[in-house]
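**Student:** Questions regarding the structure given below will be posed in turn.
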Amino acid sequence: MWGSMFRWLDPYAKPETLYHLCGRLLPYLMVLAVFTLLLGNIWGLAFSPADYQQGDSYRIIYIHVPSAIWSMGAYSSMAIAAFIGLVWQIRVAQWAVLAIAPIGAVYTAIALFTGAAWGKPMWGTWWVWDARLTSELVLLFLYLGVIALSGAFSEAARGIKVASLLAIVGVVNLPIIHFSVEWWNTLHQGATITKFAKPSIDPSMLWPLLISILGFALLLAALTCLRLRSQILIFEQHRPWVRQLLDSKADSTQKEQN
Amino acid sequence: MVMWRALVQRELQLLGRQKADWLNPLVFFLLVLSLFPLGIGPEPGMLKQIAPGLVWIAALLSVLLSAERLFKDDYRFGVIEQLVAGRQGLFSYVTAKICCHWLSTGVPLVLVSPLIAVLLGLDWQSWQVLVVTLLLGTPVLSLLSVLGAALTMAADKGGILQALIILPLYIPLLIFASGAMEAAATALPYTGQLAVLLAFLLFALALVPLAVRQALRMNVG
Amino acid sequence: MAFNSWTEFWAMGGYALFVWLSFGTTYALMLGLWWYSKRQHKQIQQQICAKAAREQRVRQHQESEK
């Protein structure tokens, strides 16, 4: 059943096809990402009303929440790619792990930084050992571990496999870490900080937030396409199609110069 | 089973010959513990308060460091390549390694725990809880450290990389183990934390050996 | 528009530092990652081309020596 269900995906597991697909998708994704990001953020920054409790500082939500959501989304997609890559031995899925990891790390760093900049005016401090903040910090460490491990081997293909395994171990551990940290925080201090109630958010604030979330997702997709193309080139550099591709590219640039 | 016993015997013999492999982590553990009073100040009240976190951080560092060279020799001499190629003994080898690693690092920590209690001014009750958390927690430490060592076996950079990838995974253990000791110190019920620790142990016992086996295959393959 | 004037917009109700710091850092990081990935892609292409050219030179040299 599995075989027939995903047969249509088979051609995309071929590096050459995927390279060209990513190349074709990249400009559309990038334009869409920039458009939705700017739309969501400008709407949120300038046109949605100020929060009655937090004033204008709440506008950080339009980058904080999307980056936090997709820092975890990127980790899950990375782990799924790692799983597919290891179980079915699909090399492009393994390369995707390496393509996504730095993007996820940057998203996590953004979520942490904007969280701190939001916490300072609201809670009076840049950092509290809140359960969510701590989990996000651990997520950053997990990303850095995957990146460091993938680069530690002289044989790159081996490094990617081992890093994929670590990504899977991490995704099994993440819920446990999150639950432990939550338990630990409630033990040490009561819930002194409660985020403002989510369901009561006004549509005029919700729409720009949803658009920003979409924008971050599109940017994640665009960056993944770009970085996956680099990975494919690195690992396929001895294949004739790469040589032909680069030769024809060099020819066309020479003609332009002439 | 016969193979497993042979492998355990081999490991124990190796440990018997290379005493530094299990003595150094123990000394390191005691050394780290004695550094804290020097750095923070020797007030017994304060020491008692931070003792749970202290003992556990020192324990996980010493267990982690002891695992660094765990597979290096076997890798260099081609033992692991043989086992991977043989397609049979690898799982027994992994479980024997984990078991012996715990015997050589976890058990000594439990044995020196009375000394820790004296150094940090723990009472009888706290010491009992410390022993129980060590008994439940150090196997998990060993399992994860062995996983870290297996992942980084063929890597060019060892030590610090292994710590970087494994330390985040230790967080739940640290929280619940020191939580149990803290609860016991304030005369609160702590069986819940111990149950969670036991759950971690069983969960890790079920999954980590498989991951270690896979990691070894990748490093050789 | 939730603000009456541009100065009010830039002031962000007194939270200018935090809001603009967050947005500035976010966009700087994103642009940085984009630029880095783009440059990396170009470098890889150049490296592969240079390698191919070198291999060809070696081959030509070997053939001329025969």
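Residues are referred to by chain and number: the chain letter is A, B, ... according to the order shown in the structure tokens, the number counts from 1 in that chain, and ligands are numbered separately from 1 in the order shown.
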Please, which residues of chain A lie no more than 7 Å from chain B when the count uses only C-alpha atoms, and can they be set out as a list in words?

**Tutor:** Val138, Phe141, Leu142, Gly145, Ala152, Phe153, Ser154, Arg158, Lys161, Val162, Asn173, Ile176, Ile177, Ser180 and Trp184 of chain A

**Student:** Restricting the output to C-alpha atoms, write the selected residues as a PDB file, in the first residue's frame.

**Tutor:**
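To be explicit, this is the file written out as out28.pdb:
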```pdb
ATOM      1  CA  VAL A 138      16.950  23.494  24.554  1.00  0.00           C
ATOM      2  CA  PHE A 141      20.948  23.442  21.569  1.00  0.00           C
ATOM      3  CA  LEU A 142      19.476  20.448  19.745  1.00  0.00           C
ATOM      4  CA  GLY A 145      24.116  19.646  18.102  1.00  0.00           C
ATOM      5  CA  ALA A 152      32.429  16.531  12.465  1.00  0.00           C
ATOM      6  CA  PHE A 153      33.151  13.707  10.041  1.00  0.00           C
ATOM      7  CA  SER A 154      35.757  13.714   7.310  1.00  0.00           C
ATOM      8  CA  ARG A 158      28.487   9.600   7.108  1.00  0.00           C
ATOM      9  CA  LYS A 161      23.482   9.938   8.487  1.00  0.00           C
ATOM     10  CA  VAL A 162      24.658  10.264  12.083  1.00  0.00           C
ATOM     11  CA  ASN A 173      13.072  13.602  23.507  1.00  0.00           C
ATOM     12  CA  ILE A 176       9.761  14.705  27.395  1.00  0.00           C
ATOM     13  CA  ILE A 177      11.972  17.748  27.808  1.00  0.00           C
ATOM     14  CA  SER A 180       9.792  18.039  32.433  1.00  0.00           C
ATOM     15  CA  TRP A 184       9.954  21.875  37.054  1.00  0.00           C
TER      16      TRP A 184
END
```

**Student:** Determine, counting only C-alpha atoms, which protein, DNA and RNA residues have an atom within 12 Å of an atom of range 18-31 of chain C; residues of the same chain fewer than 5 positions away are not included. Present the result as a ChimeraX atom specification.

**Tutor:** /A:33-34,37-38,41-42,44-45,55-64,66-67,102-122,126,216,219-220,222-223 /C:9-13,36-38

**Student:** Taking only range 48-100 of chain A into account, list the residues labelled helix (DSSP H, G or I) by DSSP (computed from the backbone), as a ChimeraX atom specification.

**Tutor:** /A:56-87,91-100

**Student:** Measure the distance from CA of Trp43 in chain A to CA of Glu8 in chain C in Å and round it to one decimal.

**Tutor:**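 Separating CA of Trp43 in chain A from CA of Glu8 in chain C is a distance of 15.9 Å.
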
**Student:** Quick one: pull the distance between CA of Thr186 in chain B and CA of Leu130 in chain B, Å, one decimal.

**Tutor:**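 Between CA of Thr186 in chain B and CA of Leu130 in chain B the gap works out to 13.9 Å.
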
**Student:** Write out as a list in words the residues lying within 8 Å of range 226-230 of chain A, counting only C-alpha atoms and excluding same-chain residues fewer than 2 positions away.

**Tutor:**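 My reading of the contact set: Tyr19, Cys22, Gly23, Leu26, Trp95, Ala96, Ala99, Ile100, Ala222, Leu223, Thr224, Ile232, Leu233 and Ile234 of chain A; Ser37, Lys38, Gln40, His41 and Ile44 of chain C.
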
**Student:** Which residues are close to range 210-212 of chain A, i.e. within 6 Å by only C-alpha atoms, leaving aside same-chain residues fewer than 3 positions away? Reply as a list of chain:residue names.

**Tutor:**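 Counting only C-alpha atoms, the residues come to A:Leu37, A:Gly40, A:Trp207, A:Gly215.
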
**Student:** Quick one, how far is CA of Asp247 in chain A from CA of Val31 in chain A?

**Tutor:** 28.3 Å

**Student:** Counting only C-alpha atoms, what is within 7 Å of Ala167 in chain A, bar same-chain residues fewer than 2 positions away, as a PyMOL selection string?

**Tutor:** chain A and resi 79+82+146+163-165+169-171

**Student:** When you look at Ala96 in chain B with a cut-off of 8 Å (counting only C-alpha atoms), what residues show up, excluding the ones that are within fewer than 2 positions of it in the same chain? I need them as a JSON list (two decimals) with N, CA and C atoms, in the first residue's frame.

**Tutor:**
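Written file, result-v4.json:
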```json
[["chain", "number", "residue", "atom", "x", "y", "z"],
["B", 4, "TRP", "N", 26.67, -12.87, 24.97],
["B", 4, "TRP", "CA", 26.54, -11.69, 25.83],
["B", 4, "TRP", "C", 27.44, -11.85, 27.05],
["B", 5, "ARG", "N", 27.39, -13.07, 27.63],
["B", 5, "ARG", "CA", 28.18, -13.29, 28.84],
["B", 5, "ARG", "C", 29.68, -13.16, 28.52],
["B", 7, "LEU", "N", 30.97, -11.37, 26.18],
["B", 7, "LEU", "CA", 31.30, -9.96, 25.94],
["B", 7, "LEU", "C", 31.41, -9.19, 27.25],
["B", 8, "VAL", "N", 30.49, -9.48, 28.19],
["B", 8, "VAL", "CA", 30.54, -8.81, 29.49],
["B", 8, "VAL", "C", 31.85, -9.15, 30.19],
["B", 11, "GLU", "N", 34.62, -7.19, 28.67],
["B", 11, "GLU", "CA", 34.59, -5.79, 29.10],
["B", 11, "GLU", "C", 35.12, -5.64, 30.51],
["B", 92, "SER", "N", 24.23, -7.74, 21.23],
["B", 92, "SER", "CA", 24.76, -8.22, 22.51],
["B", 92, "SER", "C", 25.93, -7.35, 22.94],
["B", 93, "TYR", "N", 26.75, -6.99, 21.95],
["B", 93, "TYR", "CA", 27.91, -6.14, 22.25],
["B", 93, "TYR", "C", 27.46, -4.82, 22.84],
["B", 94, "VAL", "N", 26.42, -4.21, 22.22],
["B", 94, "VAL", "CA", 25.92, -2.91, 22.69],
["B", 94, "VAL", "C", 25.39, -3.02, 24.11],
["B", 98, "ILE", "N", 26.83, -1.18, 27.52],
["B", 98, "ILE", "CA", 26.03, -0.31, 28.38],
["B", 98, "ILE", "C", 26.05, -0.82, 29.82],
["B", 99, "CYS", "N", 25.85, -2.13, 29.94],
["B", 99, "CYS", "CA", 25.80, -2.75, 31.26],
["B", 99, "CYS", "C", 27.12, -2.51, 32.01],
["B", 100, "CYS", "N", 28.23, -2.74, 31.32],
["B", 100, "CYS", "CA", 29.53, -2.60, 31.98],
["B", 100, "CYS", "C", 29.85, -1.15, 32.25]]
```
